[in-house]
$ cat start_13.cif   # mmCIF, C-alpha atoms (C1' of nucleotides)
data_structure
loop_
_atom_site.label_atom_id
_atom_site.label_comp_id
_atom_site.auth_asym_id
_atom_site.auth_seq_id
_atom_site.Cartn_x
_atom_site.Cartn_y
_atom_site.Cartn_z
CA MET D 1 -71.40 -40.01 41.22
CA LEU D 2 -69.07 -37.76 43.21
CA ARG D 3 -67.57 -36.65 39.93
CA THR D 4 -70.87 -35.24 38.73
CA THR D 5 -72.82 -34.46 41.90
CA SER D 6 -71.78 -32.29 44.81
CA TYR D 7 -71.02 -34.20 47.99
CA ARG D 8 -73.87 -32.46 49.77
CA ASP D 9 -76.34 -33.66 47.16
CA VAL D 10 -75.40 -37.33 46.98
CA LYS D 11 -78.41 -38.98 48.61
CA VAL D 12 -78.86 -42.58 49.63
CA ILE D 13 -81.76 -42.85 47.25
CA ASP D 14 -79.59 -41.73 44.33
CA ILE D 15 -76.96 -44.33 45.10
CA ALA D 16 -79.67 -46.97 45.35
CA ARG D 17 -81.20 -45.91 42.03
CA GLU D 18 -77.80 -45.96 40.37
CA ALA D 19 -77.21 -49.47 41.71
CA GLY D 20 -80.64 -50.57 40.54
CA THR D 21 -81.81 -51.36 44.04
CA SER D 22 -83.71 -49.81 46.91
CA PRO D 23 -82.52 -47.57 49.77
CA ALA D 24 -83.31 -50.34 52.23
CA THR D 25 -80.72 -52.53 50.55
CA PHE D 26 -78.15 -49.78 50.82
CA TYR D 27 -78.65 -49.63 54.56
CA GLN D 28 -77.88 -53.34 54.78
CA TYR D 29 -74.34 -52.59 53.72
CA PHE D 30 -73.60 -49.09 54.96
CA PRO D 31 -74.86 -47.06 57.91
CA ASP D 32 -74.68 -43.86 55.86
CA VAL D 33 -73.31 -42.28 52.69
CA GLU D 34 -69.97 -41.47 54.33
CA ALA D 35 -69.41 -45.14 55.10
CA ALA D 36 -69.79 -45.99 51.42
CA ILE D 37 -67.36 -43.27 50.39
CA LEU D 38 -64.99 -44.54 53.05
CA VAL D 39 -64.69 -47.82 51.15
CA LEU D 40 -63.73 -45.94 48.01
CA ALA D 41 -61.20 -44.00 50.05
CA GLU D 42 -59.68 -47.21 51.36
CA GLN D 43 -59.25 -48.57 47.85
CA MET D 44 -57.61 -45.30 46.91
CA ALA D 45 -55.21 -45.49 49.85
CA GLN D 46 -54.14 -48.93 48.65
CA ASP D 47 -53.22 -47.46 45.31
CA GLY D 48 -51.31 -44.71 47.11
CA HIS D 49 -48.50 -47.05 48.08
CA ARG D 50 -46.79 -46.22 44.84
CA LEU D 51 -45.96 -42.70 46.02
CA PRO D 52 -43.44 -43.41 48.80
CA VAL D 53 -41.80 -46.02 46.57
CA LEU D 54 -40.74 -43.27 44.17
CA ILE D 55 -39.00 -41.42 46.99
CA ARG D 56 -37.18 -44.43 48.37
CA GLU D 57 -36.07 -45.88 45.06
CA GLY D 58 -35.15 -42.59 43.40
CA MET D 59 -31.72 -40.96 43.31
CA TRP D 60 -31.58 -37.66 45.14
CA ARG D 61 -28.08 -36.38 44.39
CA GLY D 62 -27.44 -33.76 41.70
CA LYS D 63 -29.39 -33.61 38.44
CA ALA D 64 -30.90 -37.05 39.05
CA GLY D 65 -32.28 -35.65 42.32
CA LEU D 66 -34.15 -32.93 40.49
CA ALA D 67 -35.46 -35.55 38.06
CA THR D 68 -36.72 -37.69 40.97
CA ALA D 69 -38.39 -34.65 42.50
CA THR D 70 -40.06 -33.92 39.16
CA GLU D 71 -41.29 -37.49 38.88
CA LEU D 72 -42.70 -37.27 42.38
CA CYS D 73 -44.61 -34.12 41.47
CA GLN D 74 -45.97 -35.77 38.34
CA ALA D 75 -47.03 -38.82 40.33
CA PHE D 76 -48.95 -36.58 42.72
CA PHE D 77 -50.65 -34.81 39.83
CA ASP D 78 -51.66 -38.14 38.32
CA PHE D 79 -52.89 -39.55 41.61
CA TRP D 80 -54.96 -36.48 42.37
CA GLU D 81 -56.35 -36.43 38.86
CA GLU D 82 -57.61 -39.97 39.29
CA TYR D 83 -59.05 -39.63 42.79
CA ARG D 84 -59.89 -35.94 42.89
CA SER D 85 -63.51 -36.33 43.90
CA ILE D 86 -62.78 -38.77 46.71
CA LEU D 87 -59.85 -36.76 47.96
CA ARG D 88 -61.86 -33.61 48.37
CA VAL D 89 -64.48 -35.39 50.43
CA MET D 90 -61.75 -37.00 52.49
CA ASP D 91 -60.19 -33.59 53.12
CA LEU D 92 -63.46 -32.08 54.24
CA ALA D 93 -64.34 -35.00 56.48
CA THR D 94 -60.87 -34.97 58.00
CA GLU D 95 -61.11 -31.29 58.76
CA GLU D 96 -64.51 -31.82 60.29
CA GLY D 97 -62.94 -34.25 62.73
CA ASP D 98 -64.06 -37.55 61.19
CA ARG D 99 -61.67 -40.12 62.61
CA ARG D 100 -62.29 -42.73 59.92
CA PHE D 101 -61.28 -40.42 57.09
CA HIS D 102 -58.48 -38.90 59.12
CA GLN D 103 -56.97 -42.33 59.55
CA ILE D 104 -57.01 -43.06 55.85
CA ARG D 105 -55.55 -39.68 55.07
CA THR D 106 -52.80 -40.34 57.56
CA ARG D 107 -52.05 -43.77 56.09
CA LEU D 108 -51.83 -42.23 52.64
CA LEU D 109 -49.72 -39.18 53.37
CA ASN D 110 -47.76 -40.34 56.39
CA GLU D 111 -45.96 -42.95 54.32
CA VAL D 112 -44.84 -40.27 51.92
CA ASN D 113 -43.88 -38.14 54.87
CA VAL D 114 -41.79 -40.86 56.46
CA ALA D 115 -39.98 -41.65 53.21
CA LEU D 116 -39.23 -37.99 52.71
CA THR D 117 -38.12 -37.50 56.32
CA GLU D 118 -35.65 -40.35 55.97
CA THR D 119 -34.16 -38.90 52.81
CA ILE D 120 -33.86 -35.45 54.37
CA SER D 121 -32.19 -36.89 57.47
CA GLN D 122 -29.64 -38.71 55.34
CA PHE D 123 -28.65 -35.48 53.65
CA GLN D 124 -28.47 -33.58 56.93
CA ASP D 125 -26.25 -36.28 58.42
CA ALA D 126 -23.99 -36.35 55.37
CA SER D 127 -23.43 -32.60 55.32
CA ARG D 128 -23.00 -32.43 59.09
CA SER D 129 -25.00 -29.21 58.94
CA PRO D 130 -26.50 -27.99 62.23
CA ARG D 131 -29.95 -29.53 62.51
CA THR D 132 -31.80 -26.26 63.08
CA ILE D 133 -34.77 -27.46 61.08
CA GLU D 134 -36.74 -30.59 61.92
CA PRO D 135 -36.65 -33.04 58.99
CA THR D 136 -40.17 -34.19 59.90
CA ALA D 137 -41.49 -30.65 59.68
CA THR D 138 -39.81 -30.00 56.35
CA ALA D 139 -41.18 -33.25 54.97
CA ALA D 140 -44.66 -32.32 56.20
CA VAL D 141 -44.43 -28.93 54.57
CA LEU D 142 -43.31 -30.43 51.26
CA VAL D 143 -46.02 -33.07 51.29
CA SER D 144 -48.58 -30.36 52.01
CA MET D 145 -47.34 -28.42 49.05
CA LEU D 146 -47.62 -31.45 46.81
CA ALA D 147 -51.10 -32.33 47.99
CA HIS D 148 -52.46 -28.81 47.73
CA VAL D 149 -50.98 -27.94 44.36
CA ALA D 150 -52.14 -31.26 42.96
CA ALA D 151 -55.60 -30.61 44.34
CA HIS D 152 -55.87 -27.13 42.85
CA GLN D 153 -54.04 -27.77 39.62
CA TYR D 154 -57.08 -26.85 37.60
CA GLY D 155 -57.57 -23.64 39.57
CA PHE D 156 -54.06 -22.54 38.73
CA GLU D 157 -54.51 -23.17 35.04
CA PHE D 158 -57.47 -20.85 35.33
CA TRP D 159 -55.02 -18.12 36.40
CA GLY D 160 -52.84 -18.86 33.40
CA ILE D 161 -50.25 -20.87 35.28
CA ARG D 162 -49.17 -23.96 33.34
CA THR D 163 -49.08 -27.30 35.07
CA LYS D 164 -45.59 -27.87 33.73
CA ASP D 165 -44.34 -24.67 35.40
CA LEU D 166 -45.98 -25.65 38.65
CA ARG D 167 -44.34 -29.02 38.50
CA ASP D 168 -40.89 -27.62 37.80
CA SER D 169 -41.19 -24.96 40.46
CA MET D 170 -42.34 -27.49 42.99
CA ALA D 171 -39.62 -29.93 42.01
CA ARG D 172 -37.02 -27.26 42.74
CA GLN D 173 -38.53 -26.50 46.14
CA ILE D 174 -38.52 -30.19 46.97
CA TYR D 175 -35.01 -30.73 45.74
CA TRP D 176 -33.83 -27.86 47.87
CA GLY D 177 -35.87 -28.91 50.88
CA VAL D 178 -34.52 -32.45 50.71
CA THR D 179 -30.88 -31.90 49.86
CA GLY D 180 -30.27 -28.37 51.11
CA GLN D 181 -28.34 -27.90 47.87
CA LYS D 182 -28.86 -25.11 45.36
CA LEU D 183 -28.07 -27.07 42.17
CA MET X 184 -72.94 -23.77 63.27
CA LEU X 185 -70.26 -24.93 60.83
CA ARG X 186 -67.90 -25.19 63.75
CA THR X 187 -70.06 -27.78 65.46
CA THR X 188 -72.03 -29.43 62.65
CA SER X 189 -70.71 -31.09 59.52
CA TYR X 190 -71.37 -29.18 56.32
CA ARG X 191 -73.51 -32.00 55.01
CA ASP X 192 -75.77 -31.84 58.06
CA VAL X 193 -76.39 -28.11 58.21
CA LYS X 194 -80.06 -27.93 57.19
CA VAL X 195 -82.12 -24.88 56.38
CA ILE X 196 -84.43 -25.72 59.22
CA ASP X 197 -81.53 -25.71 61.70
CA ILE X 198 -80.39 -22.29 60.56
CA ALA X 199 -83.96 -21.02 60.84
CA ARG X 200 -84.34 -22.44 64.33
CA GLU X 201 -81.02 -20.93 65.39
CA ALA X 202 -82.16 -17.57 64.06
CA GLY X 203 -85.52 -17.90 65.81
CA THR X 204 -87.49 -17.81 62.59
CA SER X 205 -89.03 -20.15 60.03
CA PRO X 206 -87.48 -21.83 56.98
CA ALA X 207 -89.72 -19.78 54.72
CA THR X 208 -88.05 -16.63 55.99
CA PHE X 209 -84.65 -18.06 55.26
CA TYR X 210 -85.63 -18.58 51.64
CA GLN X 211 -86.52 -14.93 51.36
CA TYR X 212 -82.88 -14.06 51.82
CA PHE X 213 -80.97 -17.01 50.37
CA PRO X 214 -81.73 -19.50 47.62
CA ASP X 215 -79.93 -22.24 49.52
CA VAL X 216 -77.52 -22.97 52.37
CA GLU X 217 -74.48 -22.39 50.16
CA ALA X 218 -75.62 -18.85 49.43
CA ALA X 219 -75.70 -18.09 53.13
CA ILE X 220 -72.23 -19.50 53.66
CA LEU X 221 -71.10 -17.46 50.69
CA VAL X 222 -71.86 -14.29 52.60
CA LEU X 223 -69.69 -15.47 55.47
CA ALA X 224 -66.96 -16.27 52.95
CA GLU X 225 -67.18 -12.77 51.51
CA GLN X 226 -66.75 -11.22 54.94
CA MET X 227 -63.78 -13.47 55.46
CA ALA X 228 -62.22 -12.41 52.16
CA GLN X 229 -62.48 -8.79 53.29
CA ASP X 230 -60.45 -9.62 56.34
CA GLY X 231 -57.92 -11.39 54.12
CA HIS X 232 -56.55 -8.13 52.76
CA ARG X 233 -54.11 -8.06 55.62
CA LEU X 234 -52.11 -10.96 54.15
CA PRO X 235 -50.65 -9.38 50.99
CA VAL X 236 -49.86 -6.24 53.00
CA LEU X 237 -47.35 -8.22 55.05
CA ILE X 238 -45.53 -9.29 51.89
CA ARG X 239 -45.39 -5.85 50.33
CA GLU X 240 -44.39 -3.95 53.44
CA GLY X 241 -41.91 -6.50 54.76
CA MET X 242 -38.17 -6.58 54.18
CA TRP X 243 -37.02 -9.61 52.21
CA ARG X 244 -33.24 -9.30 52.27
CA GLY X 245 -31.11 -11.36 54.69
CA LYS X 246 -32.21 -12.11 58.24
CA ALA X 247 -35.07 -9.61 58.02
CA GLY X 248 -36.32 -11.60 55.02
CA LEU X 249 -36.55 -14.78 57.06
CA ALA X 250 -38.35 -12.83 59.78
CA THR X 251 -40.87 -11.52 57.24
CA ALA X 252 -41.41 -15.04 55.92
CA THR X 253 -42.00 -16.26 59.46
CA GLU X 254 -44.51 -13.49 60.11
CA LEU X 255 -46.32 -14.41 56.91
CA CYS X 256 -46.56 -18.04 58.03
CA GLN X 257 -47.88 -16.98 61.42
CA ALA X 258 -50.44 -14.73 59.77
CA PHE X 259 -51.68 -17.66 57.68
CA PHE X 260 -51.94 -19.85 60.76
CA ASP X 261 -53.94 -17.19 62.55
CA PHE X 262 -56.21 -16.55 59.61
CA TRP X 263 -56.94 -20.22 59.10
CA GLU X 264 -57.52 -20.70 62.78
CA GLU X 265 -60.18 -18.01 62.73
CA TYR X 266 -61.96 -19.07 59.56
CA ARG X 267 -61.21 -22.77 59.47
CA SER X 268 -64.79 -23.96 59.12
CA ILE X 269 -65.65 -21.55 56.33
CA LEU X 270 -62.41 -22.20 54.50
CA ARG X 271 -62.98 -25.92 54.34
CA VAL X 272 -66.41 -25.47 52.83
CA MET X 273 -64.98 -22.95 50.38
CA ASP X 274 -62.30 -25.42 49.36
CA LEU X 275 -64.80 -28.21 48.77
CA ALA X 276 -67.18 -26.00 46.83
CA THR X 277 -64.33 -24.63 44.73
CA GLU X 278 -63.15 -28.13 43.88
CA GLU X 279 -66.67 -29.11 42.98
CA GLY X 280 -66.71 -26.34 40.41
CA ASP X 281 -68.79 -23.75 42.24
CA ARG X 282 -67.98 -20.46 40.52
CA ARG X 283 -69.15 -18.27 43.38
CA PHE X 284 -66.78 -19.83 45.90
CA HIS X 285 -64.01 -20.11 43.35
CA GLN X 286 -64.18 -16.38 42.78
CA ILE X 287 -63.86 -15.59 46.47
CA ARG X 288 -61.02 -18.04 46.86
CA THR X 289 -59.28 -16.36 43.95
CA ARG X 290 -59.79 -12.90 45.39
CA LEU X 291 -58.35 -14.08 48.69
CA LEU X 292 -55.30 -16.00 47.47
CA ASN X 293 -54.59 -14.24 44.20
CA GLU X 294 -53.70 -11.04 46.00
CA VAL X 295 -51.16 -12.92 48.05
CA ASN X 296 -49.95 -14.58 44.90
CA VAL X 297 -49.49 -11.31 43.07
CA ALA X 298 -47.62 -9.72 45.95
CA LEU X 299 -45.33 -12.72 46.17
CA THR X 300 -44.80 -12.86 42.41
CA GLU X 301 -43.69 -9.22 42.41
CA THR X 302 -41.22 -9.82 45.19
CA ILE X 303 -39.81 -12.89 43.47
CA SER X 304 -39.45 -11.02 40.18
CA GLN X 305 -37.54 -8.23 41.90
CA PHE X 306 -35.02 -10.73 43.24
CA GLN X 307 -34.66 -12.49 39.90
CA ASP X 308 -34.07 -9.17 38.15
CA ALA X 309 -31.51 -8.07 40.74
CA SER X 310 -29.47 -11.23 40.52
CA ARG X 311 -29.70 -11.34 36.72
CA SER X 312 -30.15 -15.09 37.09
CA PRO X 313 -31.61 -16.92 34.09
CA ARG X 314 -35.36 -16.99 34.52
CA THR X 315 -35.78 -20.72 34.15
CA ILE X 316 -38.53 -20.81 36.73
CA GLU X 317 -41.74 -18.83 36.38
CA PRO X 318 -42.14 -16.43 39.33
CA THR X 319 -45.92 -16.86 39.13
CA ALA X 320 -45.62 -20.61 39.44
CA THR X 321 -43.25 -20.37 42.38
CA ALA X 322 -45.56 -17.92 44.11
CA ALA X 323 -48.49 -20.26 43.48
CA VAL X 324 -46.60 -23.19 44.92
CA LEU X 325 -45.63 -21.24 48.02
CA VAL X 326 -49.13 -19.95 48.59
CA SER X 327 -50.44 -23.50 48.24
CA MET X 328 -48.00 -24.64 50.85
CA LEU X 329 -49.10 -21.90 53.22
CA ALA X 330 -52.78 -22.60 52.71
CA HIS X 331 -52.50 -26.34 53.08
CA VAL X 332 -50.21 -26.40 56.08
CA ALA X 333 -52.38 -23.81 57.81
CA ALA X 334 -55.45 -25.89 57.04
CA HIS X 335 -53.98 -29.10 58.42
CA GLN X 336 -52.03 -27.64 61.30
CA TYR X 337 -54.00 -29.65 63.80
CA GLY X 338 -53.49 -32.85 61.81
CA PHE X 339 -49.74 -32.37 61.96
CA GLU X 340 -49.74 -31.84 65.69
CA PHE X 341 -51.48 -35.19 65.84
CA TRP X 342 -48.38 -36.69 64.22
CA GLY X 343 -46.20 -35.02 66.83
CA ILE X 344 -45.02 -32.20 64.60
CA ARG X 345 -44.99 -28.87 66.43
CA THR X 346 -46.60 -25.85 64.86
CA LYS X 347 -43.48 -23.85 65.56
CA ASP X 348 -41.35 -26.29 63.58
CA LEU X 349 -43.79 -26.21 60.70
CA ARG X 350 -43.68 -22.44 60.70
CA ASP X 351 -39.91 -22.28 60.72
CA SER X 352 -39.54 -24.92 58.04
CA MET X 353 -42.07 -23.20 55.87
CA ALA X 354 -40.47 -19.82 56.43
CA ARG X 355 -37.16 -21.20 55.13
CA GLN X 356 -38.83 -22.64 52.03
CA ILE X 357 -40.50 -19.33 51.37
CA TYR X 358 -37.35 -17.34 51.96
CA TRP X 359 -35.48 -19.56 49.55
CA GLY X 360 -38.30 -19.53 46.99
CA VAL X 361 -38.53 -15.75 47.07
CA THR X 362 -34.89 -14.73 47.22
CA GLY X 363 -33.13 -17.76 45.73
CA GLN X 364 -30.60 -17.27 48.56
CA LYS X 365 -29.51 -19.91 51.00
CA LEU X 366 -29.03 -17.67 54.06
"C1'" DG S 367 -88.53 -81.18 46.34
"C1'" DC S 368 -87.73 -79.23 50.88
"C1'" DC S 369 -85.49 -76.34 54.16
"C1'" DT S 370 -82.56 -72.78 55.82
"C1'" DA S 371 -80.07 -68.80 55.79
"C1'" DA S 372 -78.86 -64.92 53.39
"C1'" DG S 373 -80.37 -61.14 51.00
"C1'" DC S 374 -83.86 -57.90 49.18
"C1'" DT S 375 -87.65 -54.63 49.34
"C1'" DG S 376 -92.46 -52.52 50.04
"C1'" DA S 377 -94.34 -49.88 53.21
"C1'" DC S 378 -94.27 -46.62 56.78
"C1'" DA S 379 -93.47 -42.91 60.17
"C1'" DC S 380 -90.90 -39.18 60.38
"C1'" DA S 381 -87.93 -35.15 58.74
"C1'" DT S 382 -86.67 -31.65 55.43
"C1'" DC S 383 -87.34 -28.98 51.23
"C1'" DG S 384 -89.01 -25.18 48.65
"C1'" DT S 385 -93.26 -22.55 47.46
"C1'" DC S 386 -97.17 -19.66 47.91
"C1'" DA S 387 -101.05 -17.30 49.64
"C1'" DG S 388 -102.25 -14.70 53.05
"C1'" DA S 389 -101.18 -12.66 57.67
"C1'" DT S 390 -98.56 -9.22 60.11
"C1'" DC S 391 -95.71 -5.37 60.68
"C1'" DT S 392 -93.64 -0.71 59.55
"C1'" DC S 393 -93.72 3.81 58.64
"C1'" DG S 394 -94.89 7.97 56.35
"C1'" DA S 395 -98.82 10.81 54.51
"C1'" DG S 396 -102.94 12.95 55.62
"C1'" DC I 397 -104.30 9.08 65.39
"C1'" DT I 398 -105.66 6.56 61.31
"C1'" DC I 399 -104.94 4.57 57.09
"C1'" DG I 400 -102.77 2.08 53.52
"C1'" DA I 401 -98.87 0.57 50.60
"C1'" DG I 402 -95.05 -1.95 50.67
"C1'" DA I 403 -92.01 -4.83 53.10
"C1'" DT I 404 -91.54 -8.83 55.75
"C1'" DC I 405 -92.91 -13.07 57.87
"C1'" DT I 406 -95.03 -17.65 58.25
"C1'" DG I 407 -98.48 -21.67 58.28
"C1'" DA I 408 -99.54 -25.06 55.38
"C1'" DC I 409 -98.58 -28.23 51.83
"C1'" DG I 410 -96.97 -31.50 48.22
"C1'" DA I 411 -92.74 -33.43 47.03
"C1'" DT I 412 -88.71 -35.78 48.27
"C1'" DG I 413 -85.47 -38.18 51.35
"C1'" DT I 414 -84.39 -41.03 55.72
"C1'" DG I 415 -83.98 -45.08 58.34
"C1'" DT I 416 -86.43 -49.32 60.04
"C1'" DC I 417 -88.91 -53.56 60.01
"C1'" DA I 418 -91.58 -57.42 58.78
"C1'" DG I 419 -92.22 -60.30 55.33
"C1'" DC I 420 -90.89 -61.93 50.68
"C1'" DT I 421 -87.49 -64.03 47.40
"C1'" DT I 422 -83.63 -66.76 46.17
"C1'" DA I 423 -79.64 -69.93 46.27
"C1'" DG I 424 -77.85 -74.03 47.40
"C1'" DG I 425 -77.12 -78.15 50.59
"C1'" DC I 426 -79.42 -82.36 51.58
#

$ encode --input "start_13.cif" --output "structure tokens"
Amino acid sequence: MLRTTSYRDVKVIDIAREAGTSPATFYQYFPDVEAAILVLAEQMAQDGHRLPVLIREGMWRGKAGLATATELCQAFFDFWEEYRSILRVMDLATEEGDRRFHQIRTRLLNEVNVALTETISQFQDASRSPRTIEPTATAAVLVSMLAHVAAHQYGFEFWGIRTKDLRDSMARQIYWGVTGQKL
Amino acid sequence: MLRTTSYRDVKVIDIAREAGTSPATFYQYFPDVEAAILVLAEQMAQDGHRLPVLIREGMWRGKAGLATATELCQAFFDFWEEYRSILRVMDLATEEGDRRFHQIRTRLLNEVNVALTETISQFQDASRSPRTIEPTATAAVLVSMLAHVAAHQYGFEFWGIRTKDLRDSMARQIYWGVTGQKL
DNA sequence: GCCTAAGCTGACACATCGTCAGATCTCGAG
DNA sequence: CTCGAGATCTGACGATGTGTCAGCTTAGGC
């Protein structure tokens, strides 16, 4: 229903109708509409475990590194495509201070963040470069980029920017952010 | 009201009460709640003109370039801080396919995008590097990063990531994305 | 076939929506 | 100052949605 109806207009009675039952039955399972969406969000977060795996199992050195970065971008695009309507509600709720959604969002993105932080740290240690920039912060910035571009993919196409170009451009930024190398 | 009440719970009757008038009067001015928020969003977009100015008037070469990038990040943080509650509604509405909000979002961010694209193109031309990466796409990716990190600034602090670190990390990514230089 | 517990829902009191007819106000012409 | 046209406001209302409860239905063990 979130795919076709705006969040604001999803009413308990609509959900009940769709489920072929009455509003009273809905309230037996959920205190409100948010609580029902929360369940969907939890299922989504489960599926999100595949994202950090890509980072940990991928190669990050040289050309293979750029390829891994590209795969990561593609995985984000795919994930957002699938869960777009839930993600946007989660984002709003999080921003509005809803702890329940914030927690799920954290579980989903923090894992990616941690995986990326580790990889960045490894490269910083290897190159013995002065750690002027926090790996955590860089990881956070890169994850933000991924999440936001994936979310607004369609909006960019509207401006005549191809998804493929976005992906490649983002992959380069990530490769650079992670390795510090120019390639 | 959007600062204290969730978007979903802002009712016409609340707005009317707040304004010391009746719902019927509200409907004389706006067809629905969204339309009223739209006006706030338009005012916000006006104020957004200051963002592309920073890009165009700033220096982008060398250390001054990094300073300009940092200023740009700070400006985004400040802007989002001021208009956080409107921006999150705008984002949701845009994602849900609302043309009116999409248009305002475009006006706001596209100007930044164009300014950044121009700057990137200048650097690519100067270095005669092969244009494998679309300047427009890179600009879009960077603007996304700015918008998203600014939006979730508070969420990051929750994870123990300092705003200052975010800003510096982002500034480096932008500097690199714009100039292609490592500094 | 009976009983129990789990699950469902009709009905209700209350809130909000969106509209319209008519009340009220404003302000310039006479 | 008075009047009236046009602008603005609002009470009232039917329609729709919310959240609760008591009572009904159903499944399954005995």

$ residues_near_point --input "start_13.cif" --point "(-45.5, -15.4, 60.3)" --cutoff "12 Å" --atoms "all atoms listed in the file" --output "ChimeraX atom specification"
/X:234,237-238,241,248-262,329,333,346-347,349-355,357-358

$ atom_distance --input "start_13.cif" --atom1 "CA of Met90 (chain D)" --atom2 "CA of Glu157 (chain D)"
23.4 Å

$ residues_around --input "start_13.cif" --residues "region 417-422 of chain I" --least-positions-apart "2" --cutoff "9 Å" --atoms "all atoms listed in the file" --output "PDB file with C-alpha atoms (C1' of nucleotides), in the frame of the given file"
ATOM      1  C1'  DA S 372     -78.860 -64.920  53.390  1.00  0.00           C
ATOM      2  C1'  DG S 373     -80.370 -61.140  51.000  1.00  0.00           C
ATOM      3  C1'  DC S 374     -83.860 -57.900  49.180  1.00  0.00           C
ATOM      4  C1'  DT S 375     -87.650 -54.630  49.340  1.00  0.00           C
TER       5       DT S 375
END

$ interface_residues --input "start_13.cif" --of "chain D" --to "chain I" --cutoff "9 Å" --atoms "only C-alpha atoms (C1' of nucleotides)" --output "list in words"
Lys11, Val12, Ile13, Ala24 and Tyr27 of chain D

$ closest_atom_pairs --input "start_13.cif" --of "chain D" --to "chain X" --cutoff "6 Å" --atoms "only C-alpha atoms" --output "tab-separated table"
residue	atom	partner	partner_atom	distance
D:Arg8	CA	X:Arg191	CA	5.3
D:Ala137	CA	X:Leu349	CA	5.1
D:Thr138	CA	X:Ser352	CA	5.4
D:Ser144	CA	X:His331	CA	5.7
D:Met145	CA	X:Met328	CA	4.2
D:His148	CA	X:Ser327	CA	5.7
D:Val149	CA	X:Ser327	CA	5.9
D:Asp165	CA	X:Ala320	CA	5.9
D:Leu166	CA	X:Ala320	CA	5.1
D:Ser169	CA	X:Thr321	CA	5.4

$ closest_atom_pairs --input "start_13.cif" --of "chain S" --to "chain X" --cutoff "12 Å" --atoms "all atoms listed in the file" --output "CSV"
residue,atom,partner,partner_atom,distance
S:DA381,C1',X:Ile196,CA,10.1
S:DT382,C1',X:Ile196,CA,7.4
S:DC383,C1',X:Val195,CA,8.4
S:DG384,C1',X:Tyr210,CA,8.0
S:DT385,C1',X:Ala207,CA,8.5
S:DC386,C1',X:Ala207,CA,10.1

$ atom_distance --input "start_13.cif" --atom1 "CA of Leu299 (chain X)" --atom2 "CA of Met242 (chain X)"
12.4 Å

$ atom_distance --input "start_13.cif" --atom1 "CA of Ile86 (chain D)" --atom2 "CA of Asp14 (chain D)"
17.2 Å

$ resolve_selection --input "start_13.cif" --expression "the PyMOL selection byres ((chain D and resi 108) around 10)" --output "PyMOL selection string"
chain D and resi 41-42+44-49+51-52+102-107+109-113

$ decode --input "start_13.cif" --residues "region 216-253 of chain X" --atoms "C-alpha atoms" --output "PDB file, in the first residue's frame"
ATOM      1  CA  VAL X 216      -2.036  20.637   4.727  1.00  0.00           C
ATOM      2  CA  GLU X 217       0.601  19.884   2.088  1.00  0.00           C
ATOM      3  CA  ALA X 218      -0.241  23.084   0.248  1.00  0.00           C
ATOM      4  CA  ALA X 219       0.436  25.090   3.386  1.00  0.00           C
ATOM      5  CA  ILE X 220       3.763  23.376   3.956  1.00  0.00           C
ATOM      6  CA  LEU X 221       4.555  24.030   0.318  1.00  0.00           C
ATOM      7  CA  VAL X 222       4.514  27.748   1.007  1.00  0.00           C
ATOM      8  CA  LEU X 223       7.027  27.283   3.803  1.00  0.00           C
ATOM      9  CA  ALA X 224       9.141  25.208   1.437  1.00  0.00           C
ATOM     10  CA  GLU X 225       9.064  27.966  -1.157  1.00  0.00           C
ATOM     11  CA  GLN X 226      10.279  30.512   1.370  1.00  0.00           C
ATOM     12  CA  MET X 227      13.023  28.112   2.304  1.00  0.00           C
ATOM     13  CA  ALA X 228      14.068  27.675  -1.327  1.00  0.00           C
ATOM     14  CA  GLN X 229      14.433  31.450  -1.591  1.00  0.00           C
ATOM     15  CA  ASP X 230      16.873  31.396   1.259  1.00  0.00           C
ATOM     16  CA  GLY X 231      18.744  28.569  -0.444  1.00  0.00           C
ATOM     17  CA  HIS X 232      20.202  30.865  -3.081  1.00  0.00           C
ATOM     18  CA  ARG X 233      23.113  31.498  -0.786  1.00  0.00           C
ATOM     19  CA  LEU X 234      24.474  27.975  -1.311  1.00  0.00           C
ATOM     20  CA  PRO X 235      25.508  28.086  -4.994  1.00  0.00           C
ATOM     21  CA  VAL X 236      26.996  31.539  -4.412  1.00  0.00           C
ATOM     22  CA  LEU X 237      29.594  29.995  -2.110  1.00  0.00           C
ATOM     23  CA  ILE X 238      30.684  27.599  -4.852  1.00  0.00           C
ATOM     24  CA  ARG X 239      30.925  30.211  -7.579  1.00  0.00           C
ATOM     25  CA  GLU X 240      32.677  32.875  -5.544  1.00  0.00           C
ATOM     26  CA  GLY X 241      35.051  30.551  -3.702  1.00  0.00           C
ATOM     27  CA  MET X 242      38.596  29.640  -4.679  1.00  0.00           C
ATOM     28  CA  TRP X 243      39.017  25.966  -5.518  1.00  0.00           C
ATOM     29  CA  ARG X 244      42.761  25.619  -6.054  1.00  0.00           C
ATOM     30  CA  GLY X 245      45.037  24.196  -3.339  1.00  0.00           C
ATOM     31  CA  LYS X 246      44.521  24.929   0.345  1.00  0.00           C
ATOM     32  CA  ALA X 247      41.975  27.646  -0.414  1.00  0.00           C
ATOM     33  CA  GLY X 248      39.985  24.983  -2.280  1.00  0.00           C
ATOM     34  CA  LEU X 249      39.764  22.803   0.800  1.00  0.00           C
ATOM     35  CA  ALA X 250      38.715  25.851   2.810  1.00  0.00           C
ATOM     36  CA  THR X 251      35.946  26.609   0.311  1.00  0.00           C
ATOM     37  CA  ALA X 252      34.780  22.999   0.461  1.00  0.00           C
ATOM     38  CA  THR X 253      34.707  23.203   4.249  1.00  0.00           C
TER      39      THR X 253
END
